[in-house]
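K.L.:
Supplied structure: final_24.txt, compact mmCIF, C-alpha atoms.
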```
# COMPACT_ATOMS: atom_id res chain seq x y z
CA MET S 1 16.44 -9.38 -49.41
CA ALA S 2 16.51 -12.60 -47.37
CA ILE S 3 18.26 -10.75 -44.56
CA VAL S 4 15.60 -8.04 -44.59
CA ARG S 5 12.83 -10.64 -44.45
CA ASP S 6 14.55 -12.43 -41.58
CA LEU S 7 14.87 -9.19 -39.62
CA GLU S 8 11.23 -8.39 -40.25
CA THR S 9 10.28 -11.86 -38.99
CA VAL S 10 12.40 -11.46 -35.87
CA ASN S 11 10.93 -8.01 -35.15
CA ALA S 12 7.41 -9.35 -35.60
CA GLU S 13 8.11 -12.23 -33.24
CA LEU S 14 9.60 -9.88 -30.65
CA GLN S 15 6.56 -7.61 -30.90
CA GLN S 16 4.20 -10.56 -30.48
CA GLN S 17 6.21 -11.75 -27.50
CA LYS S 18 6.05 -8.27 -25.95
CA GLU S 19 2.29 -8.14 -26.46
CA ARG S 20 1.88 -11.55 -24.82
CA VAL S 21 3.94 -10.44 -21.82
CA GLU S 22 1.88 -7.28 -21.39
CA ASP S 23 -1.45 -9.14 -21.70
CA VAL S 24 -2.36 -10.12 -18.15
CA ASP S 25 -4.72 -13.11 -18.08
CA PHE S 26 -3.69 -14.74 -14.80
CA LYS S 27 -3.50 -13.23 -11.32
CA MET S 28 -2.06 -14.85 -8.25
CA ILE S 29 -1.65 -14.08 -4.58
CA THR S 30 2.04 -14.35 -3.74
CA PHE S 31 3.51 -15.44 -0.43
CA SER S 32 6.67 -16.89 1.07
CA LEU S 33 7.43 -20.33 2.49
CA GLY S 34 10.84 -21.22 3.84
CA GLY S 35 12.45 -18.19 2.20
CA LYS S 36 11.10 -18.81 -1.32
CA ASP S 37 8.32 -17.03 -3.21
CA TYR S 38 5.15 -18.89 -4.14
CA GLY S 39 1.83 -18.06 -5.75
CA VAL S 40 -1.69 -19.44 -5.96
CA ASP S 41 -4.41 -18.64 -8.45
CA ILE S 42 -6.39 -15.67 -7.06
CA MET S 43 -9.59 -17.43 -8.11
CA ASN S 44 -8.92 -20.03 -5.39
CA VAL S 45 -8.38 -17.39 -2.69
CA LYS S 46 -11.42 -16.44 -0.63
CA GLU S 47 -9.65 -13.99 1.67
CA ILE S 48 -6.57 -13.24 3.75
CA ALA S 49 -6.69 -13.67 7.52
CA LYS S 50 -4.62 -13.76 10.68
CA ALA S 51 -5.24 -15.99 13.69
CA ASP S 52 -3.46 -17.36 16.74
CA LYS S 53 -5.89 -19.87 18.21
CA PHE S 54 -6.95 -23.14 16.59
CA THR S 55 -8.99 -26.00 18.02
CA TYR S 56 -6.82 -29.11 18.34
CA VAL S 57 -7.91 -32.20 16.40
CA PRO S 58 -6.83 -35.56 17.93
CA ASN S 59 -5.03 -38.07 15.69
CA ALA S 60 -4.73 -35.61 12.81
CA ALA S 61 -1.61 -35.45 10.63
CA SER S 62 1.26 -33.31 11.87
CA TYR S 63 0.56 -30.58 9.29
CA VAL S 64 -3.05 -30.16 10.44
CA ARG S 65 -3.01 -27.35 12.97
CA GLY S 66 -6.66 -27.91 13.84
CA VAL S 67 -9.95 -26.30 12.92
CA TYR S 68 -10.88 -22.65 13.05
CA ASN S 69 -14.12 -20.70 13.45
CA LEU S 70 -14.21 -18.34 10.47
CA ARG S 71 -17.23 -16.15 11.21
CA GLY S 72 -19.35 -19.17 12.10
CA ASP S 73 -17.91 -21.56 9.47
CA ILE S 74 -15.65 -24.29 10.87
CA ILE S 75 -12.70 -24.87 8.51
CA PRO S 76 -9.63 -27.13 8.69
CA ILE S 77 -6.25 -25.40 8.94
CA ILE S 78 -3.19 -26.80 7.15
CA ASP S 79 0.33 -25.55 7.84
CA LEU S 80 1.92 -25.65 4.38
CA ARG S 81 5.39 -25.32 5.89
CA THR S 82 4.97 -28.56 7.82
CA PHE S 83 3.20 -30.24 4.90
CA PHE S 84 6.18 -29.52 2.63
CA HIS S 85 8.77 -30.16 5.39
CA LEU S 86 10.03 -26.58 5.23
CA PRO S 87 11.68 -24.68 8.11
CA LEU S 88 9.39 -22.56 10.27
CA GLU S 89 10.05 -18.83 10.46
CA LYS S 90 10.87 -17.57 13.96
CA LYS S 91 8.25 -15.12 15.21
CA SER S 92 7.88 -12.89 18.24
CA ASP S 93 4.18 -13.77 18.58
CA ASN S 94 1.82 -16.65 17.79
CA ILE S 95 -0.20 -14.86 15.11
CA GLU S 96 -0.19 -16.82 11.84
CA ASN S 97 -0.72 -15.49 8.30
CA MET S 98 -3.40 -17.45 6.48
CA LEU S 99 -4.73 -17.76 2.96
CA ILE S 100 -8.34 -18.91 3.04
CA LEU S 101 -8.84 -21.07 -0.05
CA ILE S 102 -11.92 -22.34 -1.86
CA ILE S 103 -11.31 -25.74 -3.47
CA ASN S 104 -14.22 -27.56 -5.11
CA ASP S 105 -16.76 -25.58 -3.06
CA ARG S 106 -14.98 -26.39 0.20
CA VAL S 107 -13.05 -23.88 2.33
CA TYR S 108 -9.61 -24.48 3.82
CA GLY S 109 -7.19 -22.35 5.77
CA THR S 110 -3.47 -22.54 4.90
CA ILE S 111 -0.70 -21.10 7.05
CA VAL S 112 2.24 -19.42 5.28
CA ASP S 113 5.20 -17.32 6.44
CA LYS S 114 4.25 -14.02 4.80
CA ILE S 115 1.59 -12.87 2.35
CA ASP S 116 2.99 -10.44 -0.20
CA LYS S 117 0.81 -9.05 -2.98
CA VAL S 118 -1.29 -9.68 -6.08
CA VAL S 119 0.81 -10.31 -9.21
CA GLY S 120 -0.62 -10.31 -12.73
CA ILE S 121 1.06 -12.28 -15.52
CA ASN S 122 0.37 -13.81 -18.91
CA THR S 123 -0.07 -17.59 -18.88
CA ASP S 124 2.38 -17.87 -21.78
CA GLN S 125 5.10 -16.82 -19.33
CA ILE S 126 4.49 -19.81 -17.04
CA GLN S 127 7.14 -22.51 -17.42
CA PRO S 128 6.63 -26.16 -16.47
CA PRO S 129 7.98 -27.25 -13.07
CA HIS S 130 11.47 -28.68 -12.84
CA PRO S 131 13.01 -31.06 -10.31
CA ILE S 132 15.40 -28.26 -9.33
CA PHE S 133 12.60 -26.99 -7.09
CA GLY S 134 13.18 -29.91 -4.79
CA ASP S 135 11.93 -28.31 -1.58
CA ILE S 136 8.45 -29.59 -2.32
CA ASN S 137 7.05 -32.46 -4.35
CA ILE S 138 6.98 -31.45 -8.02
CA LYS S 139 3.50 -32.94 -8.46
CA PHE S 140 2.13 -30.09 -6.33
CA ILE S 141 3.66 -27.39 -8.59
CA SER S 142 1.68 -26.22 -11.61
CA GLY S 143 4.52 -24.06 -12.96
CA VAL S 144 7.11 -21.37 -12.34
CA VAL S 145 7.18 -17.81 -13.56
CA GLU S 146 9.51 -14.82 -13.37
CA LYS S 147 8.09 -11.33 -12.82
CA GLN S 148 10.24 -8.21 -12.47
CA GLY S 149 13.24 -10.22 -11.38
CA ASP S 150 11.37 -12.37 -8.84
CA LEU S 151 10.84 -16.10 -9.41
CA TYR S 152 7.51 -17.52 -8.22
CA ILE S 153 6.60 -21.19 -7.76
CA ILE S 154 2.91 -21.60 -8.53
CA LEU S 155 1.24 -24.21 -6.33
CA ASP S 156 -1.49 -26.48 -7.66
CA VAL S 157 -3.75 -26.12 -4.62
CA VAL S 158 -6.59 -27.97 -6.33
CA ARG S 159 -4.39 -31.03 -6.59
CA ILE S 160 -3.11 -30.63 -3.04
CA PHE S 161 -6.60 -30.63 -1.57
CA SER S 162 -8.49 -32.83 -4.03
CA ILE S 163 -9.38 -36.35 -2.91
CA ASN S 164 -7.26 -38.97 -4.64
CA LYS S 165 -6.59 -42.19 -2.75
CA GLU S 166 -3.65 -43.11 -4.94
CA GLU S 167 -1.69 -40.00 -3.99
CA GLU S 168 -0.45 -38.65 -0.70
CA LYS S 169 -2.97 -36.06 0.41
CA PRO S 170 -3.56 -34.12 3.59
CA ARG S 171 -5.59 -36.19 6.03
CA LEU S 172 -8.03 -33.41 6.68
CA PRO S 173 -10.29 -33.52 9.72
CA ASP S 174 -14.02 -33.51 9.30
CA ALA S 175 -14.65 -29.95 10.41
CA ASP S 176 -18.29 -30.68 11.19
CA ALA S 177 -17.18 -33.09 13.88
CA TYR S 178 -15.37 -30.39 15.80
CA TYR S 179 -17.93 -27.70 16.49
CA VAL S 180 -16.47 -24.45 17.73
CA PRO S 181 -19.33 -22.26 18.97
CA PRO S 182 -19.45 -18.73 17.53
CA ALA S 183 -19.62 -15.71 19.77
CA GLN S 184 -23.41 -15.64 19.37
CA ASP S 185 -25.65 -18.63 18.75
CA SER S 186 -27.41 -16.74 15.98
CA GLY S 187 -24.13 -16.18 14.13
CA PRO S 188 -21.97 -13.10 13.74
CA SER S 189 -23.75 -9.78 14.04
CA ALA S 190 -23.87 -7.34 11.16
CA ALA S 191 -21.34 -5.17 12.99
CA ALA S 192 -18.97 -8.13 13.41
CA GLN S 193 -19.30 -9.04 9.75
CA ALA S 194 -18.58 -5.46 8.71
CA GLU S 195 -15.53 -5.33 10.99
CA SER S 196 -14.29 -8.59 9.51
CA ALA S 197 -14.71 -7.27 5.97
CA MET S 198 -12.85 -4.10 6.93
CA ASP S 199 -10.06 -6.24 8.39
CA PHE S 200 -9.68 -7.97 5.03
CA ILE S 201 -9.47 -4.61 3.29
CA ARG S 202 -6.92 -3.41 5.83
CA GLN S 203 -4.82 -6.49 5.12
CA SER S 204 -5.17 -6.20 1.33
CA LEU S 205 -4.27 -2.53 0.88
CA PRO S 206 -0.58 -2.88 1.82
CA ALA S 207 -0.06 -5.64 -0.74
CA LEU S 208 -2.13 -4.06 -3.50
CA LYS S 209 -1.25 -0.36 -3.11
CA GLN S 210 1.43 -0.07 -0.39
CA PHE S 211 -1.18 1.78 1.68
CA TYR S 212 -0.87 0.99 5.40
CA PRO S 213 -4.00 1.25 7.57
CA SER S 214 -3.25 2.69 11.01
CA PRO S 215 -4.72 5.12 13.57
CA VAL S 216 -3.58 7.88 11.19
CA ASN S 217 -6.24 6.92 8.62
CA ASP S 218 -8.62 4.59 10.49
CA THR S 219 -11.45 7.14 10.71
CA TRP S 220 -11.37 7.61 6.95
CA ILE S 221 -11.23 3.85 6.28
CA ARG S 222 -14.37 3.30 8.36
CA GLU S 223 -16.24 6.14 6.67
CA ARG S 224 -15.09 5.03 3.23
CA PHE S 225 -16.04 1.40 3.90
CA ALA S 226 -19.56 2.42 4.99
CA ASP S 227 -20.03 4.19 1.66
CA TRP S 228 -18.12 1.71 -0.50
CA SER S 229 -19.97 -1.34 0.85
CA ILE S 230 -23.41 -0.08 -0.19
CA GLY S 231 -24.81 -2.63 -2.62
CA ARG S 232 -21.95 -5.08 -1.99
CA GLN S 233 -22.01 -8.26 0.07
CA GLY S 234 -20.03 -11.45 0.58
CA PRO S 235 -16.98 -11.77 -1.70
CA ASP S 236 -17.77 -8.39 -3.28
CA LEU S 237 -16.73 -6.75 0.00
CA GLN S 238 -13.17 -7.95 -0.60
CA LEU S 239 -10.54 -6.17 -2.66
CA LYS S 240 -9.67 -8.62 -5.42
CA ASP S 241 -7.13 -6.62 -7.41
CA VAL S 242 -5.31 -3.33 -7.84
CA LYS S 243 -8.21 -1.80 -9.77
CA GLU S 244 -10.60 -2.34 -6.86
CA ALA S 245 -7.98 -1.03 -4.42
CA ASP S 246 -7.61 2.09 -6.59
CA ASP S 247 -11.37 2.51 -6.49
CA PHE S 248 -11.43 2.18 -2.71
CA LEU S 249 -8.61 4.75 -2.28
CA SER S 250 -9.85 7.16 -4.96
CA ARG S 251 -11.36 9.50 -2.35
CA PHE S 252 -8.43 9.40 0.03
CA TYR S 253 -6.00 11.75 -1.67
CA SER S 254 -5.80 15.40 -0.68
CA PRO S 255 -7.03 18.13 -3.06
CA SER S 256 -4.79 18.84 -6.06
CA SER S 257 -2.58 15.84 -5.37
CA GLY S 258 0.28 15.82 -7.89
CA SER S 259 -0.58 19.22 -9.35
CA PHE S 260 -0.66 22.91 -8.44
CA TRP S 261 -3.03 23.56 -5.57
CA HIS S 262 -6.26 25.08 -6.84
CA ASP S 263 -7.16 28.57 -5.63
CA ASP S 264 -9.74 27.53 -3.01
CA TYR S 265 -7.47 24.98 -1.35
CA ALA S 266 -4.52 27.40 -1.37
CA ALA S 267 -6.71 30.02 0.30
CA ALA S 268 -7.79 27.49 2.95
CA VAL S 269 -4.16 26.61 3.74
CA LYS S 270 -3.15 30.27 3.89
CA ALA S 271 -6.00 31.02 6.31
CA VAL S 272 -4.84 28.47 8.91
CA LEU S 273 -1.12 29.25 8.87
CA PRO S 274 -0.04 30.64 12.26
CA ASN S 275 1.62 33.93 13.05
CA ILE S 276 5.36 33.33 13.05
CA ASN S 277 7.67 35.91 14.62
CA SER S 278 10.93 34.91 13.03
CA ALA S 279 13.35 36.43 10.54
CA LEU S 280 13.55 33.07 8.73
CA ILE S 281 10.76 30.50 8.37
CA GLN S 282 12.16 27.01 7.87
CA VAL S 283 10.00 24.39 6.15
CA TRP S 284 10.38 20.70 5.32
CA ASN S 285 8.40 19.19 2.44
CA PRO S 286 9.15 15.44 2.26
CA GLY S 287 7.62 13.57 -0.65
CA CYS S 288 7.50 16.68 -2.82
CA GLY S 289 7.24 14.68 -6.06
CA LYS S 290 7.63 16.82 -9.17
CA GLY S 291 7.53 20.05 -7.16
CA TYR S 292 4.02 21.34 -7.89
CA GLU S 293 3.10 21.18 -4.21
CA THR S 294 6.34 22.87 -3.17
CA PHE S 295 5.94 25.77 -5.58
CA SER S 296 2.30 26.17 -4.53
CA PHE S 297 3.26 26.35 -0.88
CA ALA S 298 6.15 28.74 -1.57
CA CYS S 299 3.76 31.20 -3.24
CA ILE S 300 1.36 30.91 -0.30
CA LEU S 301 4.18 31.57 2.18
CA LYS S 302 5.28 34.61 0.20
CA THR S 303 1.82 36.18 0.35
CA ARG S 304 1.17 35.10 3.98
CA TYR S 305 4.56 36.37 5.25
CA PRO S 306 5.54 39.03 2.69
CA ASN S 307 8.34 40.55 4.78
CA THR S 308 9.88 37.30 6.04
CA ARG S 309 12.45 35.08 4.40
CA PHE S 310 11.70 31.38 4.16
CA LYS S 311 13.57 28.23 3.21
CA ILE S 312 11.96 24.99 2.02
CA TRP S 313 13.82 21.67 2.07
CA ALA S 314 11.96 19.67 -0.59
CA ASN S 315 12.84 15.95 -0.68
CA ASP S 316 11.77 12.96 -2.71
CA ASN S 317 13.20 9.54 -3.56
CA ASP S 318 12.12 9.82 -7.22
CA ILE S 319 15.41 11.00 -8.70
CA MET S 320 13.91 11.83 -12.10
CA ALA S 321 11.15 14.00 -10.62
CA ILE S 322 13.41 15.80 -8.16
CA SER S 323 16.05 16.56 -10.80
CA GLN S 324 13.51 18.16 -13.13
CA ALA S 325 11.58 20.12 -10.48
CA PRO S 326 13.80 23.25 -10.26
CA ASN S 327 13.70 23.96 -13.99
CA MET S 328 10.08 23.31 -14.94
CA ILE S 329 8.55 25.59 -17.58
CA PHE S 330 4.82 26.32 -17.83
CA GLU S 331 2.20 28.01 -19.91
CA LEU S 332 0.57 30.79 -17.90
CA ASP S 333 -2.91 29.28 -18.12
CA GLU S 334 -1.54 26.10 -16.47
CA VAL S 335 -0.70 28.04 -13.31
CA PRO S 336 -3.26 29.09 -10.67
CA GLU S 337 -3.91 32.78 -10.15
CA TYR S 338 -2.12 33.13 -6.81
CA CYS S 339 1.14 31.86 -8.37
CA ARG S 340 1.22 34.08 -11.45
CA THR S 341 2.58 37.17 -9.71
CA HIS S 342 5.65 35.12 -8.76
CA MET S 343 6.53 34.07 -12.30
CA VAL S 344 8.66 35.50 -15.10
CA ARG S 345 8.48 34.92 -18.82
CA GLY S 346 11.35 33.26 -20.65
CA SER S 347 12.02 32.26 -24.23
CA ASN S 348 10.25 28.90 -23.85
CA GLY S 349 7.50 29.79 -21.39
CA TYR S 350 7.02 30.87 -17.77
CA THR S 351 9.15 29.92 -14.77
CA PHE S 352 9.09 30.98 -11.15
CA ASN S 353 11.11 34.07 -10.32
CA GLN S 354 14.52 33.85 -8.75
CA GLU S 355 13.29 34.73 -5.26
CA ILE S 356 10.93 31.74 -5.21
CA LYS S 357 13.57 29.43 -6.73
CA ASP S 358 16.21 30.53 -4.23
CA SER S 359 13.85 29.77 -1.35
CA ILE S 360 13.57 26.08 -2.32
CA LEU S 361 16.24 23.38 -2.10
CA PHE S 362 15.17 20.33 -4.08
CA GLU S 363 17.17 17.27 -3.00
CA TYR S 364 17.03 13.55 -3.68
CA HIS S 365 16.52 11.89 -0.30
CA ASP S 366 14.75 8.93 1.28
CA ILE S 367 13.05 10.08 4.46
CA LEU S 368 13.48 6.62 5.97
CA ASN S 369 17.16 7.49 6.32
CA ASP S 370 18.53 10.14 8.66
CA ASN S 371 17.19 13.63 7.98
CA SER S 372 19.74 16.34 8.78
CA LEU S 373 17.51 19.35 9.21
CA PRO S 374 17.45 22.40 11.50
CA ASP S 375 14.58 23.16 13.87
CA LEU S 376 11.52 23.70 11.73
CA ASP S 377 8.54 26.04 11.77
CA ILE S 378 6.38 24.05 9.33
CA ILE S 379 6.38 20.50 7.99
CA LEU S 380 4.27 19.79 4.90
CA ALA S 381 3.73 16.03 4.48
CA ARG S 382 0.38 15.45 2.81
CA ASP S 383 -0.69 11.80 2.31
CA MET S 384 2.78 10.53 3.19
CA LEU S 385 2.24 8.72 6.47
CA SER S 386 -0.41 6.40 5.07
CA PHE S 387 2.01 4.99 2.50
CA LEU S 388 4.65 4.06 5.07
CA PRO S 389 4.68 0.83 7.10
CA LEU S 390 3.45 1.31 10.66
CA GLN S 391 6.93 1.34 12.18
CA GLU S 392 8.03 3.99 9.70
CA GLN S 393 4.87 6.03 10.36
CA ASP S 394 5.81 6.14 14.04
CA LYS S 395 9.40 7.04 13.15
CA LEU S 396 8.33 9.97 10.95
CA VAL S 397 5.83 11.29 13.53
CA ASN S 398 8.53 11.11 16.21
CA GLU S 399 10.92 12.96 13.92
CA CYS S 400 8.33 15.67 13.31
CA THR S 401 7.87 15.95 17.07
CA GLU S 402 11.60 16.43 17.56
CA LYS S 403 12.22 18.79 14.62
CA LEU S 404 9.25 21.13 15.04
CA LYS S 405 9.66 24.19 17.22
CA GLY S 406 7.31 24.79 20.16
CA GLN S 407 4.65 26.42 17.98
CA GLY S 408 5.58 24.37 14.92
CA PHE S 409 2.90 23.48 12.39
CA LEU S 410 2.43 20.04 10.79
CA ILE S 411 0.24 19.73 7.69
CA LEU S 412 -0.89 16.20 6.77
CA GLY S 413 -3.25 14.81 4.14
CA GLU S 414 -6.91 15.77 4.31
CA HIS S 415 -7.86 12.33 5.67
CA GLU S 416 -4.92 11.81 8.02
CA GLU S 417 -5.01 12.62 11.73
CA LEU S 418 -2.86 12.35 14.86
CA ALA S 419 -3.68 11.49 18.44
CA GLU S 420 -5.29 14.54 20.07
CA THR S 421 -3.60 13.68 23.36
CA GLU S 422 -0.29 14.70 21.78
CA TRP S 423 -1.31 16.98 18.89
CA ARG S 424 -3.83 19.80 18.77
CA PRO S 425 -5.91 20.01 15.55
CA MET S 426 -5.55 23.47 14.00
CA ALA S 427 -7.81 23.26 10.95
CA LYS S 428 -10.89 21.66 9.42
CA PRO S 429 -11.21 19.79 6.12
CA PRO S 430 -9.95 20.08 3.50
CA VAL S 431 -6.88 21.13 5.51
CA SER S 432 -5.52 18.80 8.18
CA ALA S 433 -3.01 20.66 10.37
CA PHE S 434 -1.68 20.02 13.87
CA MET S 435 0.41 21.72 16.53
CA LYS S 436 2.30 19.95 19.32
CA ARG S 437 0.68 20.09 22.72
CA ALA S 438 2.83 21.59 25.43
```
Show the structure stored in the file as structure tokens.

P.N.:
Amino acid sequence: MAIVRDLETVNAELQQQKERVEDVDFKMITFSLGGKDYGVDIMNVKEIAKADKFTYVPNAASYVRGVYNLRGDIIPIIDLRTFFHLPLEKKSDNIENMLILIINDRVYGTIVDKIDKVVGINTDQIQPPHPIFGDINIKFISGVVEKQGDLYIILDVVRIFSINKEEEKPRLPDADAYYVPPAQDSGPSAAAQAESAMDFIRQSLPALKQFYPSPVNDTWIRERFADWSIGRQGPDLQLKDVKEADDFLSRFYSPSSGSFWHDDYAAAVKAVLPNINSALIQVWNPGCGKGYETFSFACILKTRYPNTRFKIWANDNDIMAISQAPNMIFELDEVPEYCRTHMVRGSNGYTFNQEIKDSILFEYHDILNDNSLPDLDIILARDMLSFLPLQEQDKLVNECTEKLKGQGFLILGEHEELAETEWRPMAKPPVSAFMKRA
């Protein structure tokens, strides 16, 4: 009986520990300095910024880069790398990543190597600092924490910037003594303030949701910001966490994302598909997920080109989703009307008929690697570009340019677009389709 009670106690303690870990009561902005990961309490972060020009301050400490005009407010800029005697990261330009901090109602700019993301933890997970973290003075560390295999050193920025004559503190310049005139004497215009707020959102989305603002989605971001900012001002215009980022992006996704395409959207796609005079239509569907989109498109192709064979290369880097996609079973009322004529009944439910299955090749593949594909008639890549870093966006667009035939058709997400100098729009919302210009 004692053993049973001990096991029950252990299980209860493990359950309590699990609940504490899952209870997020502390959020921090994470960043890197000298190759290590750090974090600061998100409540001390006003915004994220980039800058390359600071006003020099004579006789200031070596770690004071100067003062900076932040939309009319003059703030001191501290290079944390120099302050902590850490190596500086080599860069191809002079643009610095900055965390704008609020400490005791005062605003400071701090330069770091790279700003990463927002991380939520439970304060019970935070361990006290240890001398092993000798790169910086331990008195400036409030704790260390591990999250998903990454170790973060949490800086006590309040202590770093608070006035205490008995401790070594940054000799900060009096920002008021170094006036940097704004662009207009009356302060930033409403348009400039809105652009600045949008810049913060553009910088926050990659860290919070791995969504990368670019010319592909800039029109949508501007339209969404105009709507989203109604009734918001000041700090409320900033994305503070993943929930707010989800709210901002909630209207971005194309119709029926992650599910079968509904009848109206399927009809709209079918209506814009071009005439293709080929015995075999070859299609690439990167980022196919669980396969709902691929099956939807296969049924559309079958009705649009009833006498033509087609082949769809469906790729995704989610190995669980891609492995289950070929053998999914459905109830008939789960499937849209235009798909039902292409299904057969089995012992456990409905599946797509053999002709549809044989036309699709589901494969695990990361599109950032080489894509060995033939010349293509259609590429279906809804909402994919926006979730790739800018360099990878360019790489995928270039690959589409190379792989598509002369009259090839590229279907993107509803709110994604390509330069009209190189691509000719072929549809109107909710379908976003393009053809290469000759």

K.L.:
Rank S:Gly258, S:Pro274, S:Pro87, S:Gly34 by their smallest atom-to-atom distance to Arg304 in chain S, using only C-alpha atoms, and report the top residue only.

P.N.:
S:Pro274

K.L.:
In terms of the shortest atom-to-atom distance over only C-alpha atoms, which of S:Phe310, S:Phe330, S:Tyr38, S:Phe362 is closest to Lys290 in chain S?

P.N.:
S:Phe362

K.L.:
Can you tell me, as a PyMOL selection string, what residues are no more than 7 Å from Thr351 in chain S when counting all atoms listed in the file, ignoring any on the same chain fewer than 5 positions away?

P.N.:
chain S and resi 328-330+343-345

K.L.:
Could you tell me which of S:Glu399, S:Asp105, S:Glu363, S:Asp113 comes closest to Thr82 in chain S if we count only C-alpha atoms?

P.N.:
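Closest residue, counting only C-alpha atoms: S:Asp113.
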
K.L.:
For each of S:His342, S:His365, S:Lys27, S:Arg224, take the minimum atom-to-atom distance to Ile319 in chain S, counting only C-alpha atoms, then give the residue where this is smallest.

P.N.:
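Of S:His342, S:His365, S:Lys27, S:Arg224, the one nearest Ile319 in chain S is S:His365, counting only C-alpha atoms.
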
K.L.:
Quick one: distance from CA of Ala245 in chain S to CA of Ile95 in chain S in Å, one decimal?

P.N.:
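Separating CA of Ala245 in chain S from CA of Ile95 in chain S is a distance of 25.2 Å.
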
K.L.:
Find, counting all atoms listed in the file, the residue in S:Pro306, S:Gly234, S:Gly349, S:Gly66 that gets nearest to Asn327 in chain S.

P.N.:
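Ranking S:Pro306, S:Gly234, S:Gly349, S:Gly66 by distance to Asn327 in chain S, first place goes to S:Gly349.
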
K.L.:
To one decimal in Å, tell me the separation between CA of Leu237 in chain S and CA of Asp25 in chain S.

P.N.:
22.6 Å

K.L.:
At what distance in Å, to one decimal, does CA of His130 in chain S lie from CA of Tyr152 in chain S?

P.N.:
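Calculated distance between CA of Tyr152 in chain S and CA of His130 in chain S is 12.7 Å.
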
K.L.:
Out of S:Arg232, S:Arg340, S:Lys240, S:Lys90, which residue has the shortest atom-to-atom distance to Met28 in chain S when counting all atoms listed in the file?

P.N.:
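Counting all atoms listed in the file, the residue closest to Met28 in chain S is S:Lys240.
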